[in-house]
Each structure stands twice: as C-alpha cells, then as structure tokens.
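Colleague: Structure provided below as structure tokens; questions to follow.
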Amino acid sequence: PENAEAIITSTSLSVRKTAVRIKAPFAVKQGTVSGSIILTVRSAGKHASYDWEMSIDGAKTWTALSSTTQTKTTVTALPVGTNVMFRFRSLTPKGQGDWSQPLGILVK
C-alpha cells in the first residue's frame, strides 16, 4: 500500500483522486407533502441550537419559526405557488451567530 501510487504511475497510468464531498452550509428543498419545505444546515457544534425565519414578501419582513436543536426542520402549511425565503442563525456556548444569506424557493 505504501508504494501503490508509485507502482501505478510507473505504468503510465494515473491515480484517481479521492472526491471530497462538502455539505452545503444551508439547503432548502421541497418536502414530500405539498406545501412543505425542508431546511437543512451544517452543524455548528454539539451544543448548538438554531433559529429559523421565513419571509413571503421578498425579505422585507421576517417571521420567526420554532427554534430547534437539530440541523434539520420542516416547515408545513405554506401556500402553494408562493416564493418563500428562509434564513437561520446558530446559537452555541460561544455566542449567537449572524443570520445566514437567505435562500428562496417556490413552494409546490
């Protein structure tokens, strides 16, 4: 195993690089039920909680959603055909983070 790369390259072949997948810091996607949206964030740490907000007027006003200790939450009963924006912030023992960049989605 220590010489594997040298052996492979000596035969004029190339070594395939291992892909590194990095989770997006914030994702918004359609839920399984019409009018539902799933929000997912990268973990801020073991003892973190998350504040969530949504806006249906182009980020002019924000409505607070339930805070969670999980990195994933589902928002239901949204009106179909509406553009909704979401944002989050984390709260850790070190303090409260800034609000994320908002992400929008058309509710189906």
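If you're wondering about the labels, chains in the structure tokens are A, B, ... by order shown, residues count from 1 in each chain, ligands from 1 in order shown.
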Where does DSSP see helix (DSSP H, G or I) in region 3-67 of chain A, if you list the residues as a PyMOL selection string?
Modeller: chain A and resi 4-10
Colleague: May I have all residues of region 55-93 of chain A that DSSP, computed from the backbone, assigns to strand (DSSP E or B), given as a ChimeraX atom specification?
Modeller: /A:55,63-64,68,72-75,83-92
Colleague: Give me the residues near Ser43 (chain A) as a list in words, where near means some atom within 10 Å (using only C-alpha atoms) and where sequence neighbours in that chain fewer than 6 positions away do not count.
Modeller: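 The residues that qualify are Lys23, Pro25, Phe26, Ser49, Tyr50, Thr69, Gln70, Thr71, Lys72 and Ser90 of chain A.
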Colleague: Using only C-alpha atoms, find the one residue out of A:Ala48, A:Val80, A:Val28, A:Val33 that sits nearest to Pro93 (chain A).
Modeller: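 Looking only at the distances to Pro93 (chain A), the closest residue turns out to be A:Ala48.
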Colleague: How far is it from CA of Gln101 (chain A) to CA of Arg87 (chain A), in Å with one decimal?
Modeller: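 Distance reported for this atom pair: 6.4 Å.
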Colleague: With distances taken over only C-alpha atoms, which of A:Asn3, A:Phe86, A:Gly104, A:Thr68 is nearest to His47 (chain A)?
Modeller: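 Selected residue with least distance to His47 (chain A): A:Thr68.
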Colleague: Compare A:Pro102, A:Pro1, A:Gly35, A:Gly95 by their minimum atom-to-atom distance to Ala59 (chain A), counting only C-alpha atoms, and give me the closest one.
Modeller: A:Pro102
Colleague: Would you mind listing what lies within 9 Å of Ala24 (chain A) as an MDAnalysis selection string, with only C-alpha atoms counted and same-chain residues fewer than 6 positions away left out?
Modeller: chainID A and resid 40:42
Colleague: Residues as selected, N, CA and C atoms, written as a PDB file, in the first residue's frame, can you do that?
Modeller:
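Final output, saved to part34.pdb:
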ATOM      1  N   THR A  40     -32.137  22.501   5.929  1.00  0.00           N
ATOM      2  CA  THR A  40     -31.021  21.744   6.490  1.00  0.00           C
ATOM      3  C   THR A  40     -29.797  22.649   6.564  1.00  0.00           C
ATOM      4  N   VAL A  41     -29.061  22.580   7.681  1.00  0.00           N
ATOM      5  CA  VAL A  41     -27.833  23.360   7.848  1.00  0.00           C
ATOM      6  C   VAL A  41     -26.694  22.452   8.299  1.00  0.00           C
ATOM      7  N   ARG A  42     -25.487  22.913   8.094  1.00  0.00           N
ATOM      8  CA  ARG A  42     -24.311  22.215   8.597  1.00  0.00           C
ATOM      9  C   ARG A  42     -24.240  22.442  10.104  1.00  0.00           C
TER      10      ARG A  42
END
Colleague: To one decimal place, how far is CA of Val107 (chain A) from CA of Lys60 (chain A) in Å?
Modeller: 18.5 Å
Colleague: Would you pick out the contacts of region 61-66 of chain A at 9 Å or less, using only C-alpha atoms, so that residues sharing its chain but fewer than 3 positions from it are not included, and give the list as a PyMOL selection string?
Modeller: chain A and resi 50-58+75+85-86
Colleague: Could those residues be written to a file, using C-alpha atoms, as an mmCIF file, in the first residue's frame?
Modeller:
data_model
loop_
_atom_site.group_PDB
_atom_site.id
_atom_site.type_symbol
_atom_site.label_atom_id
_atom_site.label_comp_id
_atom_site.auth_asym_id
_atom_site.auth_seq_id
_atom_site.Cartn_x
_atom_site.Cartn_y
_atom_site.Cartn_z
ATOM 1 C CA TYR A 50 -30.792 27.035 15.514
ATOM 2 C CA ASP A 51 -33.152 29.950 14.960
ATOM 3 C CA TRP A 52 -35.148 29.880 11.710
ATOM 4 C CA GLU A 53 -37.040 32.659 9.950
ATOM 5 C CA MET A 54 -39.100 32.940 6.774
ATOM 6 C CA SER A 55 -40.238 35.806 4.560
ATOM 7 C CA ILE A 56 -43.016 35.814 1.970
ATOM 8 C CA ASP A 57 -42.531 39.450 0.900
ATOM 9 C CA GLY A 58 -39.031 39.340 -0.608
ATOM 10 C CA VAL A 75 -41.992 23.957 7.540
ATOM 11 C CA MET A 85 -37.245 32.954 1.636
ATOM 12 C CA PHE A 86 -35.611 31.305 4.632
#
Colleague: Just checking: using only C-alpha atoms, which residue out of A:Pro79, A:Ser67, A:Arg16, A:Thr74 ends up closest to Thr32 (chain A)?
Modeller: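 Smallest separation from Thr32 (chain A) among the options: A:Thr74.
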